[in-house]
file input.txt (compact mmCIF, C-alpha atoms)
# COMPACT_ATOMS: atom_id res chain seq x y z
CA MET A 1 34.43 19.30 27.52
CA THR A 2 36.14 20.41 30.66
CA THR A 3 39.61 21.64 30.00
CA GLU A 4 40.39 21.42 26.31
CA PHE A 5 39.03 24.90 25.90
CA LEU A 6 41.62 26.19 28.32
CA ASP A 7 44.64 27.69 26.72
CA PRO A 8 47.44 27.60 29.29
CA ASN A 9 48.99 30.61 27.64
CA ARG A 10 45.96 32.66 28.37
CA ARG A 11 46.57 33.84 31.86
CA GLY A 12 43.48 35.01 33.58
CA PHE A 13 41.29 33.53 30.93
CA LEU A 14 37.63 34.26 31.40
CA LYS A 15 35.01 31.59 31.28
CA CYS A 16 31.37 31.27 31.87
CA MET A 17 30.69 28.21 33.86
CA THR A 18 27.75 26.03 34.43
CA TRP A 19 27.74 23.69 37.32
CA ALA A 20 26.24 20.28 37.67
CA GLY A 21 26.60 18.63 41.01
CA SER A 22 30.18 19.00 42.08
CA ALA A 23 31.49 18.80 38.53
CA MET A 24 32.48 21.93 36.75
CA LEU A 25 31.40 22.36 33.19
CA TRP A 26 32.87 24.99 30.94
CA THR A 27 30.62 26.34 28.26
CA VAL A 28 31.63 28.41 25.29
CA ALA A 29 28.25 30.03 24.84
CA GLY A 30 26.52 31.15 28.01
CA GLY A 31 24.84 28.36 29.89
CA ILE A 32 22.16 29.11 32.39
CA PRO A 33 23.02 27.62 35.77
CA ARG A 34 20.35 27.16 38.35
CA SER A 35 20.41 29.44 41.34
CA HIS A 36 21.00 26.67 43.86
CA VAL A 37 24.34 25.87 42.35
CA ILE A 38 25.86 29.06 43.66
CA GLY A 39 26.92 27.23 46.78
CA GLN A 40 28.76 24.66 44.72
CA ALA A 41 30.43 27.31 42.68
CA GLU A 42 31.71 29.06 45.76
CA ALA A 43 33.81 26.07 46.74
CA ALA A 44 35.92 26.49 43.65
CA ALA A 45 36.51 30.16 44.03
CA THR A 46 39.66 30.65 46.02
CA GLY A 47 40.34 34.23 45.01
CA PHE A 48 38.09 37.21 45.36
CA THR A 49 34.77 37.58 43.70
CA PHE A 50 32.66 40.48 42.66
CA ALA A 51 29.13 40.63 41.41
CA GLN A 52 27.73 42.28 38.32
CA VAL A 53 24.18 43.53 38.20
CA SER A 54 22.74 45.40 35.27
CA ASP A 55 19.77 47.16 33.77
CA SER A 56 17.63 47.41 36.89
CA HIS A 57 15.44 50.00 35.10
CA LEU A 58 13.95 51.20 38.37
CA GLY A 59 10.66 52.88 37.55
CA PHE A 60 9.67 50.52 34.75
CA ASP A 61 6.16 49.28 35.50
CA LYS A 62 4.85 47.60 32.38
CA PRO A 63 3.14 44.19 32.34
CA VAL A 64 6.27 42.17 31.61
CA ASN A 65 7.49 43.15 35.10
CA THR A 66 5.42 45.37 37.34
CA ASN A 67 7.84 45.05 40.24
CA VAL A 68 11.34 45.87 39.05
CA THR A 69 12.23 47.13 42.52
CA GLY A 70 11.36 43.68 43.85
CA THR A 71 13.39 41.80 41.28
CA PHE A 72 16.36 44.12 41.76
CA GLN A 73 16.11 43.58 45.50
CA GLU A 74 15.98 39.84 44.91
CA ALA A 75 19.10 40.00 42.76
CA LEU A 76 20.94 41.94 45.45
CA ASP A 77 19.75 39.51 48.11
CA GLN A 78 21.18 36.74 46.00
CA VAL A 79 24.50 38.57 45.91
CA THR A 80 24.67 39.34 49.62
CA GLY A 81 23.46 35.87 50.47
CA MET A 82 26.47 34.18 48.95
CA ALA A 83 28.68 32.42 51.47
CA ASP A 84 31.79 33.96 49.94
CA LYS A 85 30.46 37.46 49.91
CA PRO A 86 31.59 39.37 46.83
CA ALA A 87 34.14 42.11 47.41
CA PHE A 88 31.96 44.64 45.63
CA ILE A 89 29.18 45.11 43.10
CA ILE A 90 29.47 46.52 39.62
CA HIS A 91 26.29 47.91 38.09
CA THR A 92 26.67 48.20 34.33
CA GLY A 93 24.06 50.87 33.79
CA ASP A 94 20.41 51.66 33.31
CA ILE A 95 20.06 51.85 37.05
CA THR A 96 16.89 53.84 36.40
CA HIS A 97 14.29 53.78 33.66
CA LEU A 98 13.69 57.51 33.30
CA SER A 99 16.44 59.18 35.35
CA THR A 100 14.04 60.62 37.91
CA PRO A 101 15.28 61.55 41.39
CA VAL A 102 12.93 58.99 42.94
CA GLN A 103 14.30 56.23 40.74
CA PHE A 104 17.89 57.17 41.52
CA ASP A 105 17.05 57.34 45.23
CA THR A 106 15.52 53.88 45.12
CA GLY A 107 18.64 52.55 43.45
CA ALA A 108 20.91 54.20 45.99
CA GLN A 109 18.86 52.80 48.87
CA LEU A 110 18.83 49.26 47.54
CA LEU A 111 22.50 49.24 46.62
CA GLY A 112 23.42 50.97 49.89
CA ALA A 113 21.55 48.36 51.91
CA THR A 114 23.90 45.66 50.61
CA ARG A 115 26.71 47.39 52.55
CA LEU A 116 28.96 46.47 49.66
CA GLN A 117 31.03 48.95 47.73
CA THR A 118 29.26 49.66 44.43
CA TYR A 119 30.83 50.78 41.19
CA THR A 120 28.59 52.06 38.42
CA VAL A 121 28.58 53.32 34.87
CA PRO A 122 25.59 55.05 33.25
CA GLY A 123 23.19 53.57 30.76
CA GLU A 124 21.33 55.76 28.29
CA HIS A 125 18.30 55.65 30.60
CA ASP A 126 20.36 57.29 33.37
CA ILE A 127 21.16 60.49 31.48
CA LEU A 128 17.68 61.59 30.42
CA GLU A 129 17.25 64.43 32.90
CA GLU A 130 19.02 67.47 34.35
CA ASP A 131 20.44 68.47 30.98
CA ARG A 132 21.78 64.92 30.55
CA LYS A 133 23.70 65.25 33.81
CA SER A 134 21.30 63.23 35.97
CA TYR A 135 23.77 60.36 36.38
CA LEU A 136 26.84 62.55 36.68
CA ASN A 137 25.23 64.68 39.37
CA ARG A 138 24.93 61.58 41.54
CA TYR A 139 27.80 59.32 40.56
CA GLY A 140 30.28 61.67 38.94
CA LYS A 141 32.43 62.44 41.96
CA GLY A 142 36.02 61.41 41.38
CA THR A 143 35.41 60.48 37.76
CA HIS A 144 36.58 61.98 34.50
CA GLY A 145 34.54 63.46 31.65
CA ASP A 146 31.11 61.88 31.45
CA GLY A 147 31.88 59.59 34.38
CA TRP A 148 34.73 57.26 33.41
CA TYR A 149 37.33 56.11 35.94
CA SER A 150 39.56 53.24 36.97
CA PHE A 151 40.58 51.56 40.20
CA ASN A 152 42.68 48.66 41.40
CA ALA A 153 41.42 45.80 43.52
CA TYR A 154 43.08 42.52 44.41
CA GLY A 155 45.68 42.97 41.73
CA VAL A 156 43.10 43.55 39.02
CA HIS A 157 42.81 46.87 37.21
CA PHE A 158 39.17 47.86 36.73
CA ILE A 159 38.11 50.43 34.15
CA GLY A 160 34.60 51.89 34.01
CA LEU A 161 33.84 53.44 30.63
CA VAL A 162 30.94 55.60 29.46
CA ASN A 163 29.61 54.92 25.96
CA VAL A 164 26.01 56.17 26.08
CA VAL A 165 26.35 59.94 25.82
CA ASN A 166 26.90 60.40 22.11
CA LEU A 167 25.23 57.53 20.28
CA GLN A 168 26.42 57.07 16.72
CA GLY A 169 24.68 56.08 13.51
CA ALA A 170 21.97 53.56 14.25
CA GLY A 171 22.60 54.05 17.95
CA LEU A 172 25.98 52.50 18.52
CA GLY A 173 27.70 53.42 21.73
CA ASP A 174 30.58 55.83 21.54
CA LEU A 175 33.57 56.44 23.78
CA GLY A 176 34.93 59.52 22.04
CA LYS A 177 38.41 60.88 21.69
CA PRO A 178 38.89 62.35 25.19
CA GLN A 179 37.95 59.07 26.84
CA LEU A 180 40.13 57.02 24.48
CA GLU A 181 43.09 59.30 25.20
CA TRP A 182 42.46 58.93 28.91
CA LEU A 183 42.26 55.14 28.56
CA GLU A 184 45.55 54.98 26.70
CA LYS A 185 47.27 56.94 29.46
CA ASP A 186 45.49 55.04 32.21
CA VAL A 187 46.81 51.63 31.20
CA LYS A 188 50.24 52.76 30.00
CA PRO A 189 52.07 52.25 33.31
CA LEU A 190 50.56 48.82 33.92
CA SER A 191 52.52 45.66 33.34
CA ALA A 192 51.15 43.31 30.71
CA SER A 193 50.49 40.70 33.38
CA THR A 194 47.92 42.87 35.15
CA PRO A 195 44.44 41.40 34.71
CA ILE A 196 42.13 44.02 33.25
CA VAL A 197 38.38 44.23 33.72
CA VAL A 198 36.57 46.79 31.59
CA PHE A 199 32.93 47.54 32.27
CA ALA A 200 30.56 49.74 30.30
CA HIS A 201 26.87 49.77 29.52
CA VAL A 202 26.63 49.17 25.77
CA PRO A 203 28.65 46.18 24.56
CA LEU A 204 32.11 47.24 23.41
CA TRP A 205 31.93 44.71 20.60
CA ILE A 206 29.39 44.83 17.81
CA VAL A 207 26.63 42.47 18.86
CA TYR A 208 23.96 43.68 16.46
CA GLN A 209 24.54 46.86 14.56
CA ASP A 210 20.96 47.29 13.35
CA TRP A 211 19.81 47.88 16.92
CA GLY A 212 22.86 49.85 17.92
CA TRP A 213 24.12 47.01 20.09
CA GLY A 214 27.79 47.77 19.98
CA THR A 215 30.31 50.59 20.35
CA SER A 216 31.51 52.44 17.28
CA ASP A 217 35.02 52.99 18.61
CA GLY A 218 35.16 49.99 20.93
CA ALA A 219 37.79 48.34 18.73
CA ARG A 220 40.01 51.37 19.20
CA ALA A 221 39.79 51.00 22.97
CA LEU A 222 40.76 47.38 22.68
CA THR A 223 43.94 48.23 20.80
CA TYR A 224 45.20 49.84 24.01
CA LEU A 225 44.45 46.62 25.87
CA LYS A 226 45.76 44.01 23.45
CA ARG A 227 49.17 43.71 25.13
CA PHE A 228 47.55 42.50 28.34
CA GLY A 229 47.35 38.82 29.02
CA SER A 230 43.88 38.92 30.48
CA VAL A 231 41.15 41.34 29.51
CA THR A 232 37.57 40.85 30.59
CA VAL A 233 34.85 43.11 29.19
CA LEU A 234 31.56 43.25 31.07
CA ASN A 235 28.54 44.96 29.55
CA GLY A 236 24.78 45.24 29.93
CA HIS A 237 22.23 47.00 27.73
CA ILE A 238 20.99 43.99 25.77
CA HIS A 239 19.29 42.20 28.70
CA GLN A 240 20.60 38.77 27.79
CA ILE A 241 23.79 36.82 28.05
CA MET A 242 26.11 36.88 25.09
CA GLN A 243 29.78 36.21 25.09
CA LYS A 244 32.71 35.70 22.87
CA VAL A 245 36.44 35.39 23.19
CA GLU A 246 38.98 37.04 20.95
CA GLY A 247 42.59 36.30 21.76
CA HIS A 248 43.10 37.31 25.36
CA VAL A 249 39.90 39.30 25.50
CA ALA A 250 36.67 37.83 26.78
CA PHE A 251 33.43 39.69 26.26
CA HIS A 252 30.37 39.09 28.36
CA THR A 253 26.98 40.76 28.59
CA ALA A 254 24.75 40.35 31.63
CA ARG A 255 21.08 39.80 32.10
CA SER A 256 18.84 42.56 33.30
CA THR A 257 17.27 42.41 36.73
CA ALA A 258 14.12 44.01 35.25
CA PHE A 259 13.01 42.46 31.95
CA PRO A 260 14.43 40.41 29.09
CA GLN A 261 14.81 41.72 25.57
CA GLY A 262 14.35 39.90 22.31
CA VAL A 263 17.04 38.05 20.45
CA PRO A 264 18.60 40.00 17.57
CA GLY A 265 17.54 38.72 14.20
CA VAL A 266 14.56 36.96 15.75
CA ALA A 267 12.56 39.66 17.53
CA LYS A 268 11.20 42.51 15.44
CA ALA A 269 12.41 45.17 17.84
CA PRO A 270 14.60 45.37 20.94
CA GLY A 271 11.81 46.13 23.42
CA PRO A 272 10.78 44.19 26.52
CA MET A 273 10.17 40.57 25.62
CA PRO A 274 6.99 39.06 27.05
CA VAL A 275 7.62 35.70 28.65
CA PRO A 276 5.16 33.03 29.81
CA PRO A 277 3.59 33.68 33.22
CA GLY A 278 5.82 32.52 36.04
CA GLU A 279 8.94 32.31 33.89
CA LEU A 280 10.17 35.89 34.15
CA LYS A 281 12.81 35.17 36.76
CA ASN A 282 14.42 32.60 34.51
CA TYR A 283 15.32 35.52 32.26
CA LEU A 284 16.61 37.87 34.93
CA GLY A 285 19.70 37.54 37.04
CA THR A 286 23.14 38.51 38.15
CA ALA A 287 26.68 37.62 37.25
CA LYS A 288 29.37 36.71 39.73
CA VAL A 289 32.98 37.05 38.65
CA SER A 290 35.74 35.23 40.47
CA LEU A 291 39.46 35.54 40.21
CA VAL A 292 40.48 31.95 40.80
CA THR A 293 44.03 32.24 42.02
CA ALA A 294 44.97 28.59 41.66
CA LYS A 295 44.61 28.54 37.89
CA ALA A 296 44.28 32.27 37.49
CA PRO A 297 41.19 32.45 35.37
CA LEU A 298 38.46 34.95 35.93
CA ALA A 299 35.25 33.03 36.02
CA ILE A 300 31.81 34.42 35.37
CA ILE A 301 28.82 32.66 36.75
CA ASP A 302 25.49 33.91 35.51
CA THR A 303 22.67 33.14 37.84
CA PRO A 304 18.98 33.55 37.04
CA LEU A 305 16.73 34.88 39.77
CA ALA A 306 14.81 31.64 39.64
CA GLY A 307 15.30 28.25 38.18
CA MET B 308 -35.43 65.09 -10.23
CA SER B 309 -35.45 68.80 -9.57
CA VAL B 310 -31.68 68.91 -9.74
CA LEU B 311 -31.69 67.08 -13.03
CA ARG B 312 -34.14 69.54 -14.39
CA LYS B 313 -31.93 72.42 -13.32
CA PRO B 314 -28.37 71.48 -14.34
CA GLY B 315 -27.26 75.06 -13.91
CA ILE B 316 -27.85 74.86 -10.14
CA LEU B 317 -25.91 71.61 -9.88
CA ALA B 318 -22.99 73.11 -11.74
CA ARG B 319 -23.01 76.12 -9.47
CA ARG B 320 -23.08 73.86 -6.39
CA VAL B 321 -20.11 71.86 -7.66
CA LEU B 322 -18.27 75.10 -8.31
CA LEU B 323 -19.14 76.33 -4.83
CA CYS B 324 -17.82 73.14 -3.29
CA ALA B 325 -14.63 73.40 -5.29
CA LEU B 326 -14.12 76.99 -4.21
CA LEU B 327 -15.02 76.67 -0.55
CA GLY B 328 -14.90 73.02 0.43
CA GLY B 329 -11.94 72.11 -1.72
CA PRO B 330 -9.31 74.18 -0.03
CA ILE B 331 -10.81 73.78 3.44
CA ILE B 332 -11.15 70.02 3.71
CA PRO B 333 -7.51 69.10 2.95
CA LEU B 334 -6.28 71.74 5.41
CA VAL B 335 -8.43 70.30 8.17
CA ALA B 336 -7.22 66.81 7.34
CA TRP B 337 -3.58 67.87 7.42
CA SER B 338 -3.68 69.81 10.63
CA ASP B 339 -5.87 67.44 12.62
CA GLU B 340 -5.28 63.91 11.39
CA GLY B 341 -2.07 64.30 9.47
CA SER B 342 -0.06 65.91 12.26
CA GLN B 343 -0.11 62.87 14.51
CA VAL B 344 2.81 60.46 14.53
CA GLY B 345 2.56 57.24 16.45
CA ILE B 346 5.45 55.22 17.84
CA ASP B 347 4.78 51.50 17.80
CA ASN B 348 7.29 48.71 18.16
CA PHE B 349 10.25 51.02 17.64
CA LYS B 350 8.84 52.59 14.47
CA PHE B 351 7.48 56.04 13.63
CA ALA B 352 4.32 56.12 11.53
CA PRO B 353 3.42 57.65 9.24
CA THR B 354 6.70 58.50 7.62
CA PRO B 355 7.24 60.59 5.69
CA LEU B 356 4.61 62.84 7.19
CA THR B 357 3.62 65.68 4.86
CA ILE B 358 2.21 68.80 6.48
CA SER B 359 1.69 72.43 5.65
CA GLN B 360 3.92 75.14 7.04
CA GLY B 361 2.96 76.17 10.56
CA THR B 362 1.44 72.81 11.51
CA GLU B 363 2.11 71.35 14.91
CA VAL B 364 3.09 67.68 14.90
CA THR B 365 2.39 65.53 17.94
CA TRP B 366 4.24 62.29 18.56
CA THR B 367 2.73 59.70 20.88
CA ASN B 368 4.71 56.80 22.28
CA HIS B 369 2.74 53.55 22.38
CA ASP B 370 5.75 51.39 23.34
CA ASP B 371 6.69 50.02 26.74
CA ILE B 372 10.06 51.73 26.39
CA PRO B 373 10.69 55.48 26.40
CA HIS B 374 11.53 57.25 23.18
CA SER B 375 12.51 60.80 22.31
CA ILE B 376 12.51 63.00 19.23
CA VAL B 377 15.73 64.49 17.92
CA LEU B 378 15.39 66.89 14.99
CA ASN B 379 19.05 67.68 14.52
CA ALA B 380 18.59 70.22 11.74
CA LEU B 381 16.29 72.25 13.95
CA GLY B 382 18.21 71.72 17.18
CA VAL B 383 15.21 70.01 18.76
CA HIS B 384 15.75 67.38 21.46
CA SER B 385 12.59 66.32 23.22
CA LYS B 386 12.52 64.87 26.68
CA ALA B 387 12.04 61.14 26.92
CA MET B 388 8.40 60.16 26.42
CA ASP B 389 7.30 57.26 28.55
CA THR B 390 4.41 55.05 27.47
CA ASP B 391 1.53 57.23 26.21
CA GLY B 392 3.75 60.27 26.53
CA THR B 393 3.59 62.93 23.84
CA PHE B 394 5.78 65.61 22.35
CA ALA B 395 4.61 68.40 20.06
CA TYR B 396 6.57 70.65 17.75
CA LYS B 397 5.34 73.32 15.35
CA PHE B 398 7.11 73.38 11.99
CA ASP B 399 7.47 77.00 10.92
CA LYS B 400 9.92 76.38 8.09
CA THR B 401 9.38 74.48 4.87
CA GLY B 402 11.64 71.63 3.90
CA THR B 403 12.32 67.98 4.64
CA PHE B 404 13.28 67.29 8.23
CA PHE B 405 14.81 63.98 9.24
CA TYR B 406 14.54 62.91 12.85
CA VAL B 407 15.50 59.99 15.05
CA CYS B 408 14.75 58.65 18.49
CA GLY B 409 17.46 59.92 20.82
CA LEU B 410 17.55 56.64 22.72
CA HIS B 411 17.30 54.38 19.68
CA PRO B 412 18.70 56.29 16.70
CA PHE B 413 18.02 53.38 14.36
CA MET B 414 14.44 54.66 14.53
CA GLN B 415 14.50 57.14 11.67
CA ALA B 416 11.73 59.07 9.95
CA LYS B 417 11.01 62.39 8.30
CA VAL B 418 8.56 65.27 8.14
CA VAL B 419 8.01 67.11 4.85
CA VAL B 420 6.78 70.66 5.37
CA LYS B 421 5.26 72.40 2.32
call {"tool": "encode", "arguments": {"input": "input.txt", "output": "structure tokens"}}
result
Amino acid sequence: MTTEFLDPNRRGFLKCMTWAGSAMLWTVAGGIPRSHVIGQAEAAATGFTFAQVSDSHLGFDKPVNTNVTGTFQEALDQVTGMADKPAFIIHTGDITHLSTPVQFDTGAQLLGATRLQTYTVPGEHDILEEDRKSYLNRYGKGTHGDGWYSFNAYGVHFIGLVNVVNLQGAGLGDLGKPQLEWLEKDVKPLSASTPIVVFAHVPLWIVYQDWGWGTSDGARALTYLKRFGSVTVLNGHIHQIMQKVEGHVAFHTARSTAFPQGVPGVAKAPGPMPVPPGELKNYLGTAKVSLVTAKAPLAIIDTPLAG
Amino acid sequence: MSVLRKPGILARRVLLCALLGGPIIPLVAWSDEGSQVGIDNFKFAPTPLTISQGTEVTWTNHDDIPHSIVLNALGVHSKAMDTDGTFAYKFDKTGTFFYVCGLHPFMQAKVVVK
């Protein structure tokens, strides 16, 4: 169960790990590690780490979670409390619930208080105001188009994509031609050995078309990335962990820090999923991604807020 | 008994109702009750909604998640409605108008304006 899933030809292969005691367990479908195992996980991470938070929905106040500011704060505390402090935080969208200035301000204050560099992409809840420019007006500096950009860190090329502006069909995310052209040019000069991390709000792969959980032209984007030995795709939007691996590409969606959503094909609609009293924090959480230099995999550790 | 003995009066009353009440009652029903659309569990209801020309339709969001109304053919994009939020639009043209939720376009419905 430990290493047979590892393909030595897949440099920078991405895994989601659960941890039990000091033993490392690899799981194909997202396990849910307990929060106290973070310390054990840190011992294995010899490279740099970064944290992913998602779907904080600041401003949401319905019964399933009447304190989304508190749970977001708790998630950030969890990140900053790690012994091997992450190099930065990626927020994969839906920072706010209704794009109001107060909600954006709350997000900026909480993220700013971590004193960690934060990289963001918008969710559809972040572009509801100011003529759909509410996100761009705050986070658009230095970005292209609707807010896409790339940067390099620790030898990894990070690409933040925007796929919530022009929803297609049943609501699938859409990157659009200008962004795809930019992406093609952006990665062209990179060597195939450069690890790539792509992050966007709506899953780039089709998770569940009926609810618009996927990106209509996500496959096109991936054609520009197929020559790379390690591609990691981090998304939010669906408020639950799902992952799959295709060739050298690993897809991973993060939990929300605000509220869980139903499981496709089981729940009748993708709204907030009520959970038994006291169990909410088992459904919320963060993801920590490590570049483990010894074996060169990127490792994702999903951590619930409680457990 | 008096009515039975005077069938002519009854007939005239029925005729009066047909002339006055007939056209009035359906119009009241369409403009007051029929122009409301509820949003529950990611669904619009009723759909299709049939109204008369010039009627204002009001959508009310009963979900915990915001929704919006996008009437592409009419160039209408409402703001996001939070829980219990409403949006109203007066249909001045006849025809069948499809609309979706801007945040969840798999939510699809239509208004028929006669």
call {"tool": "closest_atom_pairs", "arguments": {"input": "input.txt", "of": "chain B", "to": "chain A", "cutoff": "7 Å", "atoms": "all atoms listed in the file", "output": "JSON lines"}}
result
{"residue": "B:Asn348", "atom": "CA", "partner": "A:Ala269", "partner_atom": "CA", "distance": 6.2}
{"residue": "B:Phe349", "atom": "CA", "partner": "A:Ala269", "partner_atom": "CA", "distance": 6.2}
{"residue": "B:Asp371", "atom": "CA", "partner": "A:Lys62", "partner_atom": "CA", "distance": 6.4}
{"residue": "B:Ile372", "atom": "CA", "partner": "A:Gly271", "partner_atom": "CA", "distance": 6.6}
{"residue": "B:Ala387", "atom": "CA", "partner": "A:Leu128", "partner_atom": "CA", "distance": 6.7}
{"residue": "B:Leu410", "atom": "CA", "partner": "A:Glu124", "partner_atom": "CA", "distance": 6.8}
{"residue": "B:His411", "atom": "CA", "partner": "A:Gly171", "partner_atom": "CA", "distance": 5.6}
{"residue": "B:Pro412", "atom": "CA", "partner": "A:Gly171", "partner_atom": "CA", "distance": 4.7}
{"residue": "B:Phe413", "atom": "CA", "partner": "A:Ala170", "partner_atom": "CA", "distance": 4.0}
call {"tool": "residues_around", "arguments": {"input": "input.txt", "residues": "A:Gly176", "least_positions_apart": "5", "cutoff": "9 Å", "atoms": "all atoms listed in the file", "output": "number ranges by chain"}}
result
A: 163, 166, 181, 217
call {"tool": "closest_residue", "arguments": {"input": "input.txt", "among": "B:Tyr396, B:Met388, B:Ile376, B:Lys350", "to": "B:Gly409", "atoms": "all atoms listed in the file"}}
result
B:Ile376
call {"tool": "residues_near_point", "arguments": {"input": "input.txt", "point": "(14.0, 70.6, 0.9)", "cutoff": "12 Å", "atoms": "all atoms listed in the file", "output": "list in words"}}
result
Ala380, Lys400, Thr401, Gly402, Thr403, Phe404, Phe405, Lys417, Val418, Val419, Val420 and Lys421 of chain B
call {"tool": "write_last_selection", "arguments": {"input": "input.txt", "atoms": "C-alpha atoms", "output": "JSON list (two decimals), keeping the file's coordinate frame"}}
result
[["chain", "number", "residue", "atom", "x", "y", "z"],
["B", 380, "ALA", "CA", 18.59, 70.22, 11.74],
["B", 400, "LYS", "CA", 9.92, 76.38, 8.09],
["B", 401, "THR", "CA", 9.38, 74.48, 4.87],
["B", 402, "GLY", "CA", 11.64, 71.63, 3.90],
["B", 403, "THR", "CA", 12.32, 67.98, 4.64],
["B", 404, "PHE", "CA", 13.28, 67.29, 8.23],
["B", 405, "PHE", "CA", 14.81, 63.98, 9.24],
["B", 417, "LYS", "CA", 11.01, 62.39, 8.30],
["B", 418, "VAL", "CA", 8.56, 65.27, 8.14],
["B", 419, "VAL", "CA", 8.01, 67.11, 4.85],
["B", 420, "VAL", "CA", 6.78, 70.66, 5.37],
["B", 421, "LYS", "CA", 5.26, 72.40, 2.32]]
call {"tool": "atom_distance", "arguments": {"input": "input.txt", "atom1": "atom CA of A:Val198", "atom2": "atom CA of A:His239"}}
result
18.1 Å
call {"tool": "closest_residue", "arguments": {"input": "input.txt", "among": "B:Phe398, B:His369, B:Lys386, B:Gly392", "to": "B:Phe351", "atoms": "only C-alpha atoms"}}
result
B:His369
call {"tool": "atom_distance", "arguments": {"input": "input.txt", "atom1": "atom CA of A:Lys85", "atom2": "atom CA of A:Ile301"}}
result
14.1 Å
call {"tool": "closest_residue", "arguments": {"input": "input.txt", "among": "A:Phe104, A:Phe251, A:Phe199, A:Phe151", "to": "A:Ser54", "atoms": "all atoms listed in the file"}}
result
A:Phe199
call {"tool": "closest_residue", "arguments": {"input": "input.txt", "among": "A:Gly262, A:Gly155, A:Val79, A:Pro122", "to": "A:Asn137", "atoms": "only C-alpha atoms"}}
result
A:Pro122
call {"tool": "closest_residue", "arguments": {"input": "input.txt", "among": "B:Trp366, B:Cys408, B:Asn379, B:Val344", "to": "B:Thr393", "atoms": "only C-alpha atoms"}}
result
B:Trp366
call {"tool": "atom_distance", "arguments": {"input": "input.txt", "atom1": "atom CA of B:His384", "atom2": "atom CA of B:Leu356"}}
result
18.7 Å
call {"tool": "closest_residue", "arguments": {"input": "input.txt", "among": "A:Gly107, A:Tyr283, A:Ala254, A:Thr120", "to": "A:Asp302", "atoms": "all atoms listed in the file"}}
result
A:Ala254
call {"tool": "residues_around", "arguments": {"input": "input.txt", "residues": "B:Glu363", "least_positions_apart": "2", "cutoff": "8 Å", "atoms": "all atoms listed in the file", "output": "list in words"}}
result
Ser338, Ser342, Gly361, Thr365, Ala395, Tyr396, Lys397 and Phe398 of chain B
call {"tool": "residues_around", "arguments": {"input": "input.txt", "residues": "A:Gln117", "least_positions_apart": "3", "cutoff": "9 Å", "atoms": "only C-alpha atoms", "output": "list in words"}}
result
Ala87, Phe88, Ile89, Ile90, Leu111, Gly112 and Thr114 of chain A
